[in-house]
Protein chains: 2
Amino acid sequence: MTKPHRTGLPKPQRGFITAADVARAAGVSRSAVSRTFTPGASVSQEVRERVQDAARAMGYRVNRLASNLISDESTLVGVVGSNLSSPFMSRQLDELSRALQRSGRQCLLFNAADARDGVEPLIESILEFRVAAIVIMSGAPPSAIIDECLKNGVRVILVNRQPDEAAGDTVVSDDIHGVGLVADRLLRAGCRKLAVVGSGVPTPSQVRRRQLFASAMAKAGREVVTWSQGTSTYDSGLEAARSLMPGSGIDGVFCTTDLIALGFLDGARACGLAVPEQVSVMGYDDIAQSAWLAYRLTTIRQSPVDLASAVVAALARSPDDGPSRAQSLLPVELVERDTVRSGA
Amino acid sequence: MTKPHRTGLPKPQRGFITAADVARAAGVSRSAVSRTFTPGASVSQEVRERVQDAARAMGYRVNRLASNLISDESTLVGVVGSNLSSPFMSRQLDELSRALQRSGRQCLLFNAADARDGVEPLIESILEFRVAAIVIMSGAPPSAIIDECLKNGVRVILVNRQPDEAAGDTVVSDDIHGVGLVADRLLRAGCRKLAVVGSGVPTPSQVRRRQLFASAMAKAGREVVTWSQGTSTYDSGLEAARSLMPGSGIDGVFCTTDLIALGFLDGARACGLAVPEQVSVMGYDDIAQSAWLAYRLTTIRQSPVDLASAVVAALARSPDDGPSRAQSLLPVELVERDTVRSGA
DNA sequence: CGAAGCATTGCACACGTGTGCACAGGCCAC
DNA sequence: GTGGCCTGTGCACACGTGTGCAATGCTTCG
């Protein structure tokens, strides 16, 4: 059912005021109205004011659908993510959406939580809106569809995804350095028997951190127990501590995510283990909750603000240079709190 | 700078495939292509298959900008919120975006965090995209602009806002019942000197809960101390406990938000107060962290899933019935944990 | 005073799609 | 055999906007 053809009524009840309406009211051509709202266009001061007054009075707003349709320069950015309510992801989304807005873009959000058959249909859907770019913070898009995005002039930015499989710009946390800091700190605390606790879901950062930690410890000649089950949640950490720790002799634990680490801390305490006297625990991300007095988790900080800036910077790069494959490494930093034995 | 006029090249390098391209390749008219992708349109099986094959091969995707431009039936929903990284808000956004997607809509997200001069310019910007509706989860939009949305056929749904000031549908948590549960529970625990702790930002739910609690306690003849400073964060709760509790004799506290309550708990413990033996503490929202072993906060649950359903239901109501002012009350529920003395 | 330059404005086309209308062709019933 | 009905298809218009091109009027310089 389409909009009924403009009736003879002077003011159509439904639908928005168009530039033609404003032009008629201001006694100018429609072009003049369009130029009034186009920065840098040539309009006399007098006409501009007349148009602006009429537009204000009538409640005129440029129709960006029509505008984008013709100008081919969209300010829409598709963002796909899952676990939007997890502390780290929600923080990332918060900062990203702010940065996008500050740079004059809009954020078309797609939640991948229900995407049982991958993010591909989501990306298809995003492309229908002719976005300028797609930011993927979750899921593993097949490289075929990424290539198709790029072919159509849609930038693709992968956040913490494997960069070697597909094209597109990549923004990744410096896991090598970060996990190195973790390994150093736990060794300095004198830990002899280590564990790495992560989720069973093989997201790129999960497996990467686990492998980096294992190899660093192997190099130092330390034994490492691996626990990977469930999802990346507080409950997983809780269960890990309960079923892994009692009588194990483990005295140093790296949780691949702060959220897991906090659950692990509570689980360890419930088992009667003293942190950090008997077990040292480290996390990764530095979510807000890690600073809470009940936890004071020693962890690795990666800054969502930096991530947002990096994404916007990647967006700003001229797309005419062809499908770039630039990778930006985000700095990380050790945050000392109270869950690792002092290295004295 | 507009797209260069279609050159003589058989395959334009930039930009998307159009329905006309597909029609040419499949040897049919452009109408046939359009009808193939329009559910319920009349196309023969043979043509449909030929079109679909060509479309798949060429990577054709309907341009929803052009489609929305003409059909006037947008599936885009503007969502404005702030504090997107707070546990409760991020959970709400998570559920809302999922529910919107499940109902075939898309979510255009606007972060109001940087909006120093109100959400009005944000709403202006949203309207330029000719969204079907706007969901406002934050900020206090002037009723003038809400009326203008409605006049243009854009539904407006206010989440936990004051419904009496402006038109538009409203979805609110049942604060009256919820705060009633809080008051009952604290009285049943035998608390004699109460405090209500909230942020200094006068959001509707903040002031509402504070007032309801104060009047309920006044009715029961109990003294109530009010503390409202800072924002609705963990740190506010922490500071409140430190500067309010020592030597005050307060034995029952209602924090208007779980996040504040968790900070308050840590602050109270830091002051050497035993919870719930010396102080009973209750929150509101039931965020995930409240169930963590370090806190086990007794609180009021309001379900973000219910909220999302209510918003989608409001969206589904026919807009032809004129600007409705329907209000849906979300049920709340007492969650008993360990921060309130047993009522025995 | 005339010519040239410049600012301003309107016309007309383009963007990509949905769909009413007319028309063609096949099928069925009388 | 012929008229009526139904299905399928193409033409053409509409949606609201940006902008190149030409025309107009004004200013300035020689």
# chains A, B, ... in the order shown; residues from 1 in each chain; ligands from 1
call {"tool": "residues_around", "arguments": {"residues": "Val135 (chain A)", "least_positions_apart": "2", "cutoff": "9 Å", "atoms": "only C-alpha atoms (C1' of nucleotides)", "output": "JSON, numbers by chain"}}
result
{"A": [77, 78, 79, 80, 81, 133, 137, 155, 156, 157, 158, 159, 311]}
call {"tool": "write_last_selection", "arguments": {"atoms": "C-alpha atoms", "output": "PDB file, in the first residue's frame"}}
result
ATOM      1  CA  VAL A  77      27.755   2.648   9.469  1.00  0.00           C
ATOM      2  CA  GLY A  78      26.568  -0.860  10.178  1.00  0.00           C
ATOM      3  CA  VAL A  79      27.756  -2.326  13.465  1.00  0.00           C
ATOM      4  CA  VAL A  80      27.361  -5.996  14.285  1.00  0.00           C
ATOM      5  CA  GLY A  81      28.064  -7.379  17.726  1.00  0.00           C
ATOM      6  CA  ALA A 133      31.054   0.758   6.175  1.00  0.00           C
ATOM      7  CA  MET A 137      32.801  -6.962  16.498  1.00  0.00           C
ATOM      8  CA  ARG A 155      34.526  -0.529   3.921  1.00  0.00           C
ATOM      9  CA  VAL A 156      34.850  -3.464   6.287  1.00  0.00           C
ATOM     10  CA  ILE A 157      36.459  -3.143   9.691  1.00  0.00           C
ATOM     11  CA  LEU A 158      37.057  -6.217  11.773  1.00  0.00           C
ATOM     12  CA  VAL A 159      37.492  -5.747  15.500  1.00  0.00           C
ATOM     13  CA  VAL A 311      37.807   2.416  13.946  1.00  0.00           C
TER      14      VAL A 311
END
call {"tool": "interface_residues", "arguments": {"of": "chain A", "to": "chain B", "cutoff": "8 Å", "atoms": "only C-alpha atoms", "output": "number ranges by chain"}}
result
A: 1-3, 13-16, 59, 61-66, 68-72, 83-87, 90-94, 97-98, 101, 106-111, 113-114, 124, 127-130, 148, 151-153, 263, 266, 292-294
call {"tool": "select_by_dssp", "arguments": {"residues": "region 73-139 of chain B", "states": "strand (DSSP E)", "output": "number ranges by chain"}}
result
B: 76-81, 106-111, 133-136
call {"tool": "interface_residues", "arguments": {"of": "chain C", "to": "chain B", "cutoff": "10 Å", "atoms": "only C-alpha atoms (C1' of nucleotides)", "output": "short mmCIF file (atom, residue, chain, number, x, y, z; two decimals) with N, CA and C atoms (P, O5', C5', C4', C3', O3' and C1' of nucleotides), in the first residue's frame"}}
result
data_model
loop_
_atom_site.label_atom_id
_atom_site.label_comp_id
_atom_site.auth_asym_id
_atom_site.auth_seq_id
_atom_site.Cartn_x
_atom_site.Cartn_y
_atom_site.Cartn_z
P DA C 14 18.96 11.49 -17.58
"O5'" DA C 14 19.56 10.94 -16.20
"C5'" DA C 14 20.79 11.46 -15.69
"C4'" DA C 14 20.84 11.16 -14.21
"C3'" DA C 14 20.38 9.76 -13.84
"O3'" DA C 14 21.46 9.01 -13.33
"C1'" DA C 14 19.39 11.41 -12.41
P DC C 15 21.38 7.42 -13.28
"O5'" DC C 15 21.13 7.16 -11.72
"C5'" DC C 15 21.98 7.71 -10.73
"C4'" DC C 15 21.30 7.58 -9.39
"C3'" DC C 15 20.53 6.28 -9.23
"O3'" DC C 15 21.38 5.33 -8.60
"C1'" DC C 15 19.33 8.18 -8.37
P DG C 16 21.51 3.86 -9.31
"O5'" DG C 16 20.25 3.12 -8.69
"C5'" DG C 16 20.19 2.92 -7.29
"C4'" DG C 16 18.80 2.49 -6.90
"C3'" DG C 16 18.29 1.26 -7.66
"O3'" DG C 16 17.88 0.30 -6.72
"C1'" DG C 16 16.69 3.00 -7.72
P DT C 17 17.28 -1.11 -7.13
"O5'" DT C 17 15.74 -0.89 -6.79
"C5'" DT C 17 15.35 -0.72 -5.45
"C4'" DT C 17 14.00 -0.06 -5.37
"C3'" DT C 17 12.82 -0.96 -5.76
"O3'" DT C 17 12.27 -1.49 -4.56
"C1'" DT C 17 12.59 1.31 -6.55
P DG C 18 11.20 -2.63 -4.66
"O5'" DG C 18 9.82 -1.84 -4.82
"C5'" DG C 18 9.28 -1.20 -3.69
"C4'" DG C 18 7.94 -0.58 -4.02
"C3'" DG C 18 6.83 -1.57 -4.39
"O3'" DG C 18 5.62 -1.09 -3.83
"C1'" DG C 18 7.14 -0.04 -6.17
P DT C 19 4.37 -2.04 -3.71
"O5'" DT C 19 3.47 -1.53 -4.92
"C5'" DT C 19 3.14 -0.14 -4.98
"C4'" DT C 19 2.41 0.15 -6.28
"C3'" DT C 19 1.45 -0.96 -6.75
"O3'" DT C 19 0.32 -0.33 -7.31
"C1'" DT C 19 2.90 -0.41 -8.47
#
call {"tool": "residues_around", "arguments": {"residues": "DC28 (chain C)", "least_positions_apart": "4", "cutoff": "12 Å", "atoms": "only C-alpha atoms (C1' of nucleotides)", "output": "list in words"}}
result
DT2, DG3, DG4, DC5 and DC6 of chain D
call {"tool": "write_last_selection", "arguments": {"atoms": "N, CA and C atoms (P, O5', C5', C4', C3', O3' and C1' of nucleotides)", "output": "tab-separated table (two decimals), in the first residue's frame"}}
result
chain	number	residue	atom	x	y	z
D	2	DT	P	-16.31	-17.50	-34.02
D	2	DT	O5'	-16.79	-16.79	-32.68
D	2	DT	C5'	-18.16	-16.90	-32.30
D	2	DT	C4'	-18.30	-16.57	-30.82
D	2	DT	C3'	-17.44	-15.38	-30.35
D	2	DT	O3'	-18.21	-14.55	-29.51
D	2	DT	C1'	-17.07	-17.22	-28.95
D	3	DG	P	-17.80	-12.98	-29.42
D	3	DG	O5'	-18.13	-12.63	-27.90
D	3	DG	C5'	-19.31	-13.15	-27.31
D	3	DG	C4'	-19.04	-13.53	-25.86
D	3	DG	C3'	-18.28	-12.47	-25.05
D	3	DG	O3'	-18.92	-12.30	-23.80
D	3	DG	C1'	-17.17	-14.54	-24.89
D	4	DG	P	-18.54	-11.03	-22.88
D	4	DG	O5'	-17.96	-11.69	-21.56
D	4	DG	C5'	-18.70	-12.70	-20.89
D	4	DG	C4'	-17.78	-13.44	-19.93
D	4	DG	C3'	-16.96	-12.52	-19.04
D	4	DG	O3'	-16.98	-13.01	-17.71
D	4	DG	C1'	-15.53	-14.01	-20.17
D	5	DC	P	-16.52	-12.08	-16.48
D	5	DC	O5'	-15.30	-12.90	-15.84
D	5	DC	C5'	-15.45	-14.31	-15.62
D	5	DC	C4'	-14.08	-14.94	-15.46
D	5	DC	C3'	-13.11	-14.11	-14.59
D	5	DC	O3'	-12.52	-14.95	-13.62
D	5	DC	C1'	-12.08	-14.69	-16.63
D	6	DC	P	-11.87	-14.29	-12.30
D	6	DC	O5'	-10.46	-15.01	-12.22
D	6	DC	C5'	-10.27	-16.29	-12.84
D	6	DC	C4'	-8.85	-16.40	-13.33
D	6	DC	C3'	-7.84	-15.58	-12.50
D	6	DC	O3'	-6.79	-16.42	-12.06
D	6	DC	C1'	-7.56	-15.15	-14.80
call {"tool": "residues_around", "arguments": {"residues": "DG10 (chain D)", "least_positions_apart": "6", "cutoff": "10 Å", "atoms": "only C-alpha atoms (C1' of nucleotides)", "output": "ChimeraX atom specification"}}
result
/B:28-32 /C:22-23
call {"tool": "closest_atom_pairs", "arguments": {"of": "chain D", "to": "chain B", "cutoff": "10 Å", "atoms": "only C-alpha atoms (C1' of nucleotides)", "output": "Markdown table"}}
result
| residue | atom | partner | partner_atom | distance |
| --- | --- | --- | --- | --- |
| D:DT7 | C1' | B:Ser42 | CA | 8.0 |
| D:DG8 | C1' | B:Val43 | CA | 6.4 |
| D:DT9 | C1' | B:Ala32 | CA | 7.5 |
| D:DG10 | C1' | B:Ser29 | CA | 6.6 |
| D:DC11 | C1' | B:Ser31 | CA | 9.6 |
| D:DA14 | C1' | B:Ile70 | CA | 7.7 |
| D:DC15 | C1' | B:Ile70 | CA | 4.4 |
| D:DG16 | C1' | B:Leu69 | CA | 7.6 |
| D:DG18 | C1' | B:Thr2 | CA | 8.0 |
| D:DT19 | C1' | B:Thr2 | CA | 8.1 |
call {"tool": "residues_around", "arguments": {"residues": "Gly200 (chain B)", "least_positions_apart": "6", "cutoff": "7 Å", "atoms": "only C-alpha atoms (C1' of nucleotides)", "output": "PyMOL selection string"}}
result
chain B and resi 228-231
call {"tool": "atom_distance", "arguments": {"atom1": "CA of Ala23 (chain A)", "atom2": "CA of Met58 (chain A)"}}
result
11.1 Å
